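These notes are about the structure you will find just below.
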Amino acid sequence: MNDRPGPRVSLVLGSGGARGLTHIGIIQWLEAQGYRIESIAGCSMGALVGGIHAAGKLDSYRNWVCALRRTDVLRFLDLAFHSSGLIKGDRIMDRLREMVGEHDIEQLPIAYTAVATDIERQREVWITKGPLFDAIRASIAVPTLFTPHRYLGLTLVDGGLLNPVPIAPTFRDFTDLTIAVNLNGDPEEAPVSTATLAPGPASASNRSSNQKRDDDLRGRILEFLDGIGESLKSDDVEARELGMFELMSRSFETMQNAISAMKLAAYAPDVLINVPRDVCEAHEFHRARELIETGYRLAERALADAAPLSV
């Protein structure tokens, strides 16, 4: 690799559930090519991955999430038992704090902004100071799934509600390049994985077996969450067939797709990396290794033709 310092980057990391694990591969590719990430603006999973990277612990998080088994997804669901959300999120946040440590945003070596939504005043909130994990917890609070997060007197939920690809916070940056990652890209064939980060391809029988296990787990998770929200189900037959959680998830993603398109049309980044929205289901965090590899290849493809900058 060239020893000359690479371009200074403002990195925008969007929201999209488990698809956000592709952010890890994208960051790995950028750093391997000498890009210097000097600013991160993130929303939901983008805020989580971006904040952990800004704290210097992305390798630890990658190793941990790649070791998650399918059943571990259920183990981190701590029920809230009240109407503002199904899951408290304390269990996963405690594990992340243990892994990353406590950090104040203003002390991080990389400028960092987490985007959340003030549900009472119906506006975006850019969190640029205070405890890192308060910012992350607020930004990942998917309505009805996670309970809202109270911070500085505000009731905050997922930033993806208003801004799934938060480019605007980077406008103040003195960097060479703004790279945005949209996790709501059009469905397409994802780049083929290699052995760089993931094991070799499984046999046809193994793939069939793995797919069956994935389908079984997906059914268990959806059945579990729908059972919790049984009393909230619609009387509409079609909605009941979808299930409360799946209907909510699809509706939220449909809204995010429309907002992402408008935001990207209004604030075009220098480079846009689109992650196909069908690359995985929102809850499939057990596919971390595959998703990280996909992010790595998507970054490579998106930046292959980018003209080198003189810095």
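Residue names in the structure tokens use chain letters A, B, ... in the order shown, residue numbers from 1 in each chain, and ligand numbers from 1 in the order shown.
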
Residues within 10 Å of Asp158 in chain A, please, as a ChimeraX atom specification. Count only C-alpha atoms; anything in the same chain fewer than 3 positions from it doesn't count. /A:15,43-45,115-119,124,136-143,146,148-149,161-164

Apply DSSP to the backbone of this structure and, from range 35-151 of chain A, keep only the residues in strand (DSSP E or B); write these as a PyMOL selection string. chain A and resi 36-43+79-82+85-87+104+111-118+123-127+131+144-146+149-151

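Restricting the calculation to only C-alpha atoms, the smallest distance between Ala111 in chain A and any of A:Glu38, A:Asp270, A:Asp176, A:Glu293 is found for A:Glu38.
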
Across A:Gly153, A:Gly14, A:Pro131, A:Gly50, the smallest distance to Ile110 in chain A, with only C-alpha atoms counted, is shown by A:Gly50

If we count only C-alpha atoms, what is near range 169-173 of chain A at a cut-off of 10 Å, once residues fewer than 5 positions away on the same chain are taken out, given as a list in words? Arg8, Val9, Ser10, Leu11, Val12, Glu38, Ser39, Ile40, Ala41, Gly42, Ala111, Tyr112, Thr113, Ala114, Val115, Trp126, Thr128, Thr178, Tyr267 and Pro269 of chain A

Put those residues in a file: N, CA, C and O atoms, as a PDB file, in the first residue's frame.
ATOM      1  N   ARG A   8      -8.983  12.137   3.327  1.00  0.00           N
ATOM      2  CA  ARG A   8      -9.709  12.264   4.598  1.00  0.00           C
ATOM      3  C   ARG A   8     -11.199  12.092   4.306  1.00  0.00           C
ATOM      4  O   ARG A   8     -11.743  12.758   3.429  1.00  0.00           O
ATOM      5  N   VAL A   9     -11.843  11.227   5.076  1.00  0.00           N
ATOM      6  CA  VAL A   9     -13.210  10.813   4.758  1.00  0.00           C
ATOM      7  C   VAL A   9     -14.193  11.194   5.862  1.00  0.00           C
ATOM      8  O   VAL A   9     -13.918  11.010   7.046  1.00  0.00           O
ATOM      9  N   SER A  10     -15.341  11.730   5.438  1.00  0.00           N
ATOM     10  CA  SER A  10     -16.526  11.794   6.291  1.00  0.00           C
ATOM     11  C   SER A  10     -17.385  10.597   5.908  1.00  0.00           C
ATOM     12  O   SER A  10     -17.786  10.459   4.746  1.00  0.00           O
ATOM     13  N   LEU A  11     -17.660   9.722   6.873  1.00  0.00           N
ATOM     14  CA  LEU A  11     -18.369   8.476   6.600  1.00  0.00           C
ATOM     15  C   LEU A  11     -19.772   8.545   7.189  1.00  0.00           C
ATOM     16  O   LEU A  11     -19.943   8.808   8.378  1.00  0.00           O
ATOM     17  N   VAL A  12     -20.765   8.295   6.339  1.00  0.00           N
ATOM     18  CA  VAL A  12     -22.165   8.324   6.751  1.00  0.00           C
ATOM     19  C   VAL A  12     -22.693   6.894   6.734  1.00  0.00           C
ATOM     20  O   VAL A  12     -22.696   6.238   5.686  1.00  0.00           O
ATOM     21  N   GLU A  38     -12.172  10.482   9.334  1.00  0.00           N
ATOM     22  CA  GLU A  38     -12.019  11.534  10.336  1.00  0.00           C
ATOM     23  C   GLU A  38     -13.345  11.966  10.942  1.00  0.00           C
ATOM     24  O   GLU A  38     -13.370  12.701  11.920  1.00  0.00           O
ATOM     25  N   SER A  39     -14.442  11.530  10.360  1.00  0.00           N
ATOM     26  CA  SER A  39     -15.757  11.910  10.861  1.00  0.00           C
ATOM     27  C   SER A  39     -16.748  10.804  10.537  1.00  0.00           C
ATOM     28  O   SER A  39     -16.697  10.210   9.455  1.00  0.00           O
ATOM     29  N   ILE A  40     -17.643  10.519  11.485  1.00  0.00           N
ATOM     30  CA  ILE A  40     -18.697   9.523  11.279  1.00  0.00           C
ATOM     31  C   ILE A  40     -20.022  10.113  11.733  1.00  0.00           C
ATOM     32  O   ILE A  40     -20.141  10.649  12.840  1.00  0.00           O
ATOM     33  N   ALA A  41     -21.023  10.017  10.851  1.00  0.00           N
ATOM     34  CA  ALA A  41     -22.398  10.318  11.223  1.00  0.00           C
ATOM     35  C   ALA A  41     -23.183   9.035  11.021  1.00  0.00           C
ATOM     36  O   ALA A  41     -23.150   8.451   9.934  1.00  0.00           O
ATOM     37  N   GLY A  42     -23.861   8.581  12.064  1.00  0.00           N
ATOM     38  CA  GLY A  42     -24.533   7.291  11.968  1.00  0.00           C
ATOM     39  C   GLY A  42     -25.943   7.317  12.526  1.00  0.00           C
ATOM     40  O   GLY A  42     -26.280   8.139  13.389  1.00  0.00           O
ATOM     41  N   ALA A 111     -14.395  12.410  15.017  1.00  0.00           N
ATOM     42  CA  ALA A 111     -15.635  13.175  15.219  1.00  0.00           C
ATOM     43  C   ALA A 111     -16.833  12.257  14.982  1.00  0.00           C
ATOM     44  O   ALA A 111     -16.865  11.505  14.007  1.00  0.00           O
ATOM     45  N   TYR A 112     -17.831  12.331  15.867  1.00  0.00           N
ATOM     46  CA  TYR A 112     -18.922  11.364  15.828  1.00  0.00           C
ATOM     47  C   TYR A 112     -20.254  12.047  16.112  1.00  0.00           C
ATOM     48  O   TYR A 112     -20.367  12.872  17.033  1.00  0.00           O
ATOM     49  N   THR A 113     -21.238  11.696  15.289  1.00  0.00           N
ATOM     50  CA  THR A 113     -22.604  12.176  15.482  1.00  0.00           C
ATOM     51  C   THR A 113     -23.568  10.998  15.380  1.00  0.00           C
ATOM     52  O   THR A 113     -23.539  10.259  14.388  1.00  0.00           O
ATOM     53  N   ALA A 114     -24.387  10.814  16.404  1.00  0.00           N
ATOM     54  CA  ALA A 114     -25.458   9.818  16.350  1.00  0.00           C
ATOM     55  C   ALA A 114     -26.762  10.556  16.122  1.00  0.00           C
ATOM     56  O   ALA A 114     -27.049  11.561  16.782  1.00  0.00           O
ATOM     57  N   VAL A 115     -27.562  10.069  15.185  1.00  0.00           N
ATOM     58  CA  VAL A 115     -28.824  10.724  14.859  1.00  0.00           C
ATOM     59  C   VAL A 115     -29.977   9.934  15.474  1.00  0.00           C
ATOM     60  O   VAL A 115     -30.093   8.721  15.272  1.00  0.00           O
ATOM     61  N   TRP A 126     -29.204  15.538  16.718  1.00  0.00           N
ATOM     62  CA  TRP A 126     -27.824  15.145  16.442  1.00  0.00           C
ATOM     63  C   TRP A 126     -27.078  15.127  17.766  1.00  0.00           C
ATOM     64  O   TRP A 126     -26.859  16.178  18.385  1.00  0.00           O
ATOM     65  N   THR A 128     -23.812  14.866  19.723  1.00  0.00           N
ATOM     66  CA  THR A 128     -22.376  15.044  19.475  1.00  0.00           C
ATOM     67  C   THR A 128     -21.569  15.174  20.764  1.00  0.00           C
ATOM     68  O   THR A 128     -20.375  15.463  20.710  1.00  0.00           O
ATOM     69  N   THR A 178     -16.901  12.652   1.083  1.00  0.00           N
ATOM     70  CA  THR A 178     -18.019  12.143   1.880  1.00  0.00           C
ATOM     71  C   THR A 178     -18.511  10.844   1.251  1.00  0.00           C
ATOM     72  O   THR A 178     -18.908  10.823   0.081  1.00  0.00           O
ATOM     73  N   TYR A 267     -29.174  15.636  -0.816  1.00  0.00           N
ATOM     74  CA  TYR A 267     -27.798  15.764  -0.329  1.00  0.00           C
ATOM     75  C   TYR A 267     -26.958  14.640  -0.914  1.00  0.00           C
ATOM     76  O   TYR A 267     -26.759  13.608  -0.276  1.00  0.00           O
ATOM     77  N   PRO A 269     -23.872  12.523  -1.725  1.00  0.00           N
ATOM     78  CA  PRO A 269     -22.488  12.372  -1.252  1.00  0.00           C
ATOM     79  C   PRO A 269     -21.538  12.249  -2.429  1.00  0.00           C
ATOM     80  O   PRO A 269     -21.969  12.092  -3.577  1.00  0.00           O
TER      81      PRO A 269
END
